[in-house]
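Colleague: Pasting a structure below so you can have a look.
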Amino acid sequence: MAPLPPGIRLIISFSRDQWYRAFIFILTFLLYASFHLSRKPISIVKGELHRYCATLHEGQVGFSSWSRKASGTPLRQPADNETDCSWAPFDQDNYQQLLGALDYSFLCAYAIGMYLSGIIGERLPIRYYLTFGMLASGAFTALFGLGYFYSIHSFGFYVVTQIINGLVQTTGWPSVVTCLGNWFGKGRRGLIMGVWNSHTSVGNILGSLIAGYWVSTCWGLSFVVPGAIVAAMGIVCFLFLIEHPKDIACSSSPAAPKGCENGTHRFRLQKQVFTDDKSKPLDPEMQCLLLSDGKHPVHQNHVLVLPADGGGSMAAISFTGALRIPGVIEFSLCLLFAKLVSYTFLFWLPLYITNVDHLDARQAGELSTLFDVGGIFGGILAGVISDRLEKRASTCGLMLLLAAPTLYVFSTISKMGLEATVAMLLLSGALVSGPYALITTAVSADLGTHKSLKGNSHALATVTAIIDGTGSVGAALGPLLAGLLSPSGWNNVFYMLMFADACALLFLIRLIHKELSCPGSATGDQVLFKEH
């Protein structure tokens, strides 16, 4: 018999469950990356909507016009549907406030809708709910770009489009986090979700590159193409997304050994099992491992057989019930300020680079992707550290503590040249995105499966929506405040961001103290309590 090819040996070396789990990991990664891909164009197009205005009426050359000459980019004559100061109504002196209002309308609708989205999502099939959201989001993202082709200059049109798009995009986050939480257990959750959460930065990078490709020639395509991609991924979601491992007879935890879960039943200890150190109880996964190797036999009466769906028959948790889970309020308020900083960079960084480094819209958009590259490493690093230390709040607190002075340095040396800007973009991206990534993924999943829920699998979407919804309030305020403060100088914007980082750290002080004095208690002990 001929030996199997190396590729086939690699395929069969992984179990069926592992292949399905990897498939869901990649699929949900791509689905939510497409959401972020569709959010990025507005930040890239800002520099084109108000391209060379300001003081032309005084006989001076507008800033953007000067920057184009400095970079060697030829000036493009305005089309028939444009004014001398680019696209109305963003050709006025208050263009920064108008652009900030566009950001605010999207993010405010997103924040309000997020609180409802988790509750609705728990009561509907995730696959249908997410598919609807992606198709609708693709349609309204493309609709914004159609304003270019149909010469629409009504500010109300763009605001309403942003509001509806913000509402339908709330279907994404609770759905993908719940789906991933169904497929992956708590083991190495910080690392797994840190890698997975890089979809945010990957989507931002792709959105910047796609939007930047057309921004100087036909900015309408900067929205139409991302909208088509999101809609196409919605069809992929409908065809391939598997909501729960039980739907295809897979185990629900990658760490669960044979005898602890078999796709039909899972086994839960009713009494604590201790290591040689009598004072330290083991977590449920370790108890299963000890049971399977026979070193710590447990009497049969101490094992309880439960359905494999982990309490799927329980009623969905209420909004107030989710708020009573220890840590939900603190992490939600922390995320409010952490996301304020992150989304200010998301929506205003390209315009800041245009002003400071004198680059055109396309070059600024490409350079801004370095912030997201730093965010990928920051999210993974936060997950690894929090897994190793088993201290989620302390990990977030350390990165927030370092982020504030880093932002001050960024605001100072980014004016010194392109090389300094590149270095600070990478460092700032890592420190700003790390806490944001950790709270929205691993922390949300930890709290959504908290021991006080007694196995209620319906709580994860509501907890995730509460945390991310509160964070989205900050995401709405950050770009709005940036639009109001930037006319008085970009330094004031950075002072606002540093103050927000300090506030985020302040809300974690109690949890950090609790972690340091009683390890494992901030997001839920690893102790397994008797089932009632």
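Naming scheme: A, B, ... for chains in displayed order of the structure tokens; residues 1 onward per chain; ligands 1 onward as shown.
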So which residues touch Cys396 (chain A) within 9 Å, counting only C-alpha atoms, skipping near sequence neighbours fewer than 5 positions away, as a ChimeraX atom specification?
Modeller: /A:382,386,391,401,434-436,438-439,505,508
Colleague: Run DSSP on the backbone of this structure and report the residues of region 144-197 of chain A it assigns to alpha helix (DSSP H), as a VMD selection string.
Modeller: chain A and resid 144 to 149 155 to 168 172 to 183 189 to 196
Colleague: For the selection just defined, write its residues with N, CA, C and O atoms to a file, as a compact mmCIF listing (two decimals), in the first residue's frame.
Modeller:
# COMPACT_ATOMS: atom_id res chain seq x y z
N PHE A 144 -24.78 55.56 0.44
CA PHE A 144 -24.00 56.77 0.72
C PHE A 144 -23.16 57.13 -0.49
O PHE A 144 -23.08 58.31 -0.89
N GLY A 145 -22.52 56.14 -1.11
CA GLY A 145 -21.70 56.40 -2.29
C GLY A 145 -22.49 56.81 -3.50
O GLY A 145 -21.97 57.53 -4.38
N LEU A 146 -23.74 56.39 -3.58
CA LEU A 146 -24.57 56.77 -4.73
C LEU A 146 -24.84 58.27 -4.75
O LEU A 146 -25.22 58.83 -5.78
N GLY A 147 -24.67 58.93 -3.59
CA GLY A 147 -24.81 60.39 -3.56
C GLY A 147 -23.84 61.08 -4.50
O GLY A 147 -24.13 62.16 -5.02
N TYR A 148 -22.68 60.46 -4.74
CA TYR A 148 -21.71 61.03 -5.68
C TYR A 148 -22.23 60.93 -7.12
O TYR A 148 -22.16 61.89 -7.88
N PHE A 149 -22.74 59.76 -7.47
CA PHE A 149 -23.17 59.54 -8.85
C PHE A 149 -24.44 60.30 -9.21
O PHE A 149 -24.64 60.67 -10.37
N PHE A 155 -27.45 67.46 3.09
CA PHE A 155 -26.81 66.95 4.31
C PHE A 155 -27.70 65.93 5.00
O PHE A 155 -27.23 64.93 5.55
N GLY A 156 -29.02 66.14 4.96
CA GLY A 156 -29.96 65.22 5.58
C GLY A 156 -29.90 63.83 4.97
O GLY A 156 -30.05 62.82 5.68
N PHE A 157 -29.67 63.74 3.66
CA PHE A 157 -29.56 62.44 3.01
C PHE A 157 -28.42 61.62 3.61
O PHE A 157 -28.59 60.43 3.93
N TYR A 158 -27.28 62.25 3.78
CA TYR A 158 -26.12 61.52 4.30
C TYR A 158 -26.29 61.18 5.78
O TYR A 158 -25.86 60.12 6.23
N VAL A 159 -26.95 62.05 6.53
CA VAL A 159 -27.18 61.78 7.96
C VAL A 159 -28.14 60.60 8.13
O VAL A 159 -27.88 59.69 8.92
N VAL A 160 -29.24 60.60 7.40
CA VAL A 160 -30.21 59.51 7.51
C VAL A 160 -29.59 58.18 7.09
O VAL A 160 -29.80 57.14 7.73
N THR A 161 -28.79 58.21 6.04
CA THR A 161 -28.11 56.99 5.60
C THR A 161 -27.19 56.45 6.69
O THR A 161 -27.16 55.24 6.95
N GLN A 162 -26.47 57.35 7.33
CA GLN A 162 -25.57 56.94 8.42
C GLN A 162 -26.34 56.37 9.61
O GLN A 162 -25.92 55.39 10.23
N ILE A 163 -27.47 56.98 9.94
CA ILE A 163 -28.26 56.52 11.09
C ILE A 163 -28.77 55.10 10.84
O ILE A 163 -28.64 54.22 11.71
N ILE A 164 -29.36 54.86 9.68
CA ILE A 164 -29.90 53.53 9.40
C ILE A 164 -28.79 52.50 9.32
O ILE A 164 -28.92 51.38 9.82
N ASN A 165 -27.67 52.88 8.72
CA ASN A 165 -26.54 51.96 8.64
C ASN A 165 -26.02 51.62 10.03
O ASN A 165 -25.66 50.47 10.31
N GLY A 166 -25.99 52.60 10.93
CA GLY A 166 -25.56 52.34 12.30
C GLY A 166 -26.47 51.36 13.01
O GLY A 166 -26.01 50.49 13.77
N LEU A 167 -27.77 51.48 12.78
CA LEU A 167 -28.72 50.57 13.42
C LEU A 167 -28.56 49.14 12.93
O LEU A 167 -28.53 48.20 13.73
N VAL A 168 -28.45 48.94 11.63
CA VAL A 168 -28.40 47.57 11.11
C VAL A 168 -27.05 46.92 11.40
O VAL A 168 -26.96 45.69 11.50
N GLY A 172 -24.23 42.72 14.07
CA GLY A 172 -22.99 41.97 13.87
C GLY A 172 -22.30 41.47 15.12
O GLY A 172 -22.11 40.27 15.30
N TRP A 173 -21.97 42.39 16.02
CA TRP A 173 -21.09 42.02 17.13
C TRP A 173 -21.70 41.00 18.09
O TRP A 173 -21.06 39.98 18.39
N PRO A 174 -22.92 41.21 18.60
CA PRO A 174 -23.48 40.18 19.49
C PRO A 174 -23.59 38.82 18.82
O PRO A 174 -23.40 37.78 19.47
N SER A 175 -23.85 38.80 17.53
CA SER A 175 -24.02 37.53 16.81
C SER A 175 -22.72 36.75 16.70
O SER A 175 -22.66 35.56 17.01
N VAL A 176 -21.66 37.44 16.25
CA VAL A 176 -20.40 36.71 16.05
C VAL A 176 -19.76 36.32 17.37
O VAL A 176 -19.16 35.24 17.48
N VAL A 177 -19.86 37.17 18.40
CA VAL A 177 -19.29 36.81 19.71
C VAL A 177 -20.04 35.64 20.32
O VAL A 177 -19.43 34.72 20.90
N THR A 178 -21.37 35.64 20.20
CA THR A 178 -22.15 34.52 20.73
C THR A 178 -21.80 33.23 20.00
O THR A 178 -21.62 32.17 20.62
N CYS A 179 -21.68 33.31 18.69
CA CYS A 179 -21.35 32.13 17.90
C CYS A 179 -19.97 31.60 18.29
O CYS A 179 -19.80 30.39 18.51
N LEU A 180 -18.99 32.49 18.40
CA LEU A 180 -17.65 32.05 18.78
C LEU A 180 -17.63 31.50 20.20
O LEU A 180 -16.93 30.52 20.49
N GLY A 181 -18.39 32.14 21.11
CA GLY A 181 -18.47 31.65 22.48
C GLY A 181 -19.09 30.27 22.56
O GLY A 181 -18.75 29.47 23.43
N ASN A 182 -20.03 29.97 21.66
CA ASN A 182 -20.63 28.63 21.63
C ASN A 182 -19.61 27.56 21.23
O ASN A 182 -19.70 26.42 21.67
N TRP A 183 -18.67 27.93 20.39
CA TRP A 183 -17.74 26.95 19.83
C TRP A 183 -16.45 26.79 20.62
O TRP A 183 -15.77 25.77 20.51
N ARG A 189 -8.82 31.53 26.28
CA ARG A 189 -9.80 32.40 25.63
C ARG A 189 -9.19 33.75 25.25
O ARG A 189 -9.49 34.30 24.20
N GLY A 190 -8.29 34.28 26.11
CA GLY A 190 -7.68 35.56 25.81
C GLY A 190 -6.86 35.52 24.53
O GLY A 190 -6.94 36.41 23.70
N LEU A 191 -6.04 34.46 24.37
CA LEU A 191 -5.22 34.32 23.16
C LEU A 191 -6.09 34.10 21.94
O LEU A 191 -5.91 34.76 20.90
N ILE A 192 -7.05 33.17 22.04
CA ILE A 192 -7.91 32.85 20.89
C ILE A 192 -8.67 34.08 20.44
O ILE A 192 -8.69 34.43 19.25
N MET A 193 -9.28 34.78 21.38
CA MET A 193 -10.07 35.95 21.00
C MET A 193 -9.20 37.16 20.68
O MET A 193 -9.63 38.05 19.95
N GLY A 194 -7.98 37.19 21.22
CA GLY A 194 -7.06 38.26 20.84
C GLY A 194 -6.67 38.15 19.38
O GLY A 194 -6.62 39.15 18.66
N VAL A 195 -6.39 36.92 18.94
CA VAL A 195 -6.09 36.69 17.52
C VAL A 195 -7.33 36.96 16.68
O VAL A 195 -7.27 37.64 15.64
N TRP A 196 -8.47 36.45 17.14
CA TRP A 196 -9.72 36.61 16.38
C TRP A 196 -10.12 38.07 16.26
O TRP A 196 -10.59 38.50 15.20
Colleague: So how far away is CA of Ala404 (chain A) from CA of Leu323 (chain A), in Å?
Modeller: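 Those two atoms sit 28.8 Å apart.
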Colleague: Quick one: residues within 8 Å of region 216-218 of chain A, only C-alpha atoms counted, chain neighbours fewer than 3 positions away excluded, as a list of chain:residue names?
Modeller: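 Counting only the stated atoms, we get A:Glu48, A:Tyr148, A:Gly212, A:Tyr213, A:Leu221, A:Ser222, A:Ala361, A:Arg362.
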Colleague: Include N, CA, C and O atoms and write out the residues we just selected as a compact mmCIF listing (two decimals), in the first residue's frame.
Modeller:
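In the end it all went to out37.txt:
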# COMPACT_ATOMS: atom_id res chain seq x y z
N GLU A 48 -11.41 64.37 0.93
CA GLU A 48 -11.85 64.67 -0.44
C GLU A 48 -13.12 65.51 -0.43
O GLU A 48 -13.34 66.34 -1.32
N TYR A 148 -22.68 60.46 -4.74
CA TYR A 148 -21.71 61.03 -5.68
C TYR A 148 -22.23 60.93 -7.12
O TYR A 148 -22.16 61.89 -7.88
N GLY A 212 -9.23 54.19 -0.38
CA GLY A 212 -8.17 55.07 -0.86
C GLY A 212 -7.89 54.91 -2.34
O GLY A 212 -7.42 55.84 -3.00
N TYR A 213 -8.19 53.74 -2.88
CA TYR A 213 -7.91 53.49 -4.30
C TYR A 213 -8.75 54.40 -5.20
O TYR A 213 -8.29 54.85 -6.24
N LEU A 221 -17.29 55.23 -5.37
CA LEU A 221 -16.90 53.81 -5.36
C LEU A 221 -16.23 53.41 -4.05
O LEU A 221 -16.17 52.22 -3.73
N SER A 222 -15.73 54.38 -3.31
CA SER A 222 -15.13 54.08 -2.00
C SER A 222 -16.17 53.54 -1.03
O SER A 222 -15.81 52.93 -0.02
N ALA A 361 -5.36 62.71 0.36
CA ALA A 361 -6.29 61.81 1.05
C ALA A 361 -5.87 60.35 0.90
O ALA A 361 -5.95 59.57 1.86
N ARG A 362 -5.42 59.96 -0.28
CA ARG A 362 -5.04 58.56 -0.49
C ARG A 362 -3.81 58.20 0.31
O ARG A 362 -3.77 57.14 0.97
Colleague: Leaving out Glu366 (chain A) and any residue of its chain fewer than 3 positions from it, which residues lie within 9 Å of it when counting only C-alpha atoms, given as a CSV table (one decimal) with C-alpha atoms, in the first residue's frame?
Modeller:
chain,number,residue,atom,x,y,z
A,205,ILE,CA,-6.8,48.2,6.8
A,208,SER,CA,-8.6,52.1,4.0
A,209,LEU,CA,-6.9,50.6,1.0
A,212,GLY,CA,-8.2,55.1,-0.9
A,350,PRO,CA,-6.4,60.3,8.1
A,361,ALA,CA,-6.3,61.8,1.0
A,362,ARG,CA,-5.0,58.6,-0.5
A,363,GLN,CA,-1.6,58.8,1.0
A,369,THR,CA,-3.3,51.7,8.4
A,370,LEU,CA,-0.2,51.5,10.5
Colleague: Counting only C-alpha atoms, which residue out of A:Leu130, A:Leu447, A:Leu340, A:Ile325 sits closest to Leu477 (chain A)?
Modeller: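 Among A:Leu130, A:Leu447, A:Leu340, A:Ile325, it is A:Leu340 that comes nearest to Leu477 (chain A).
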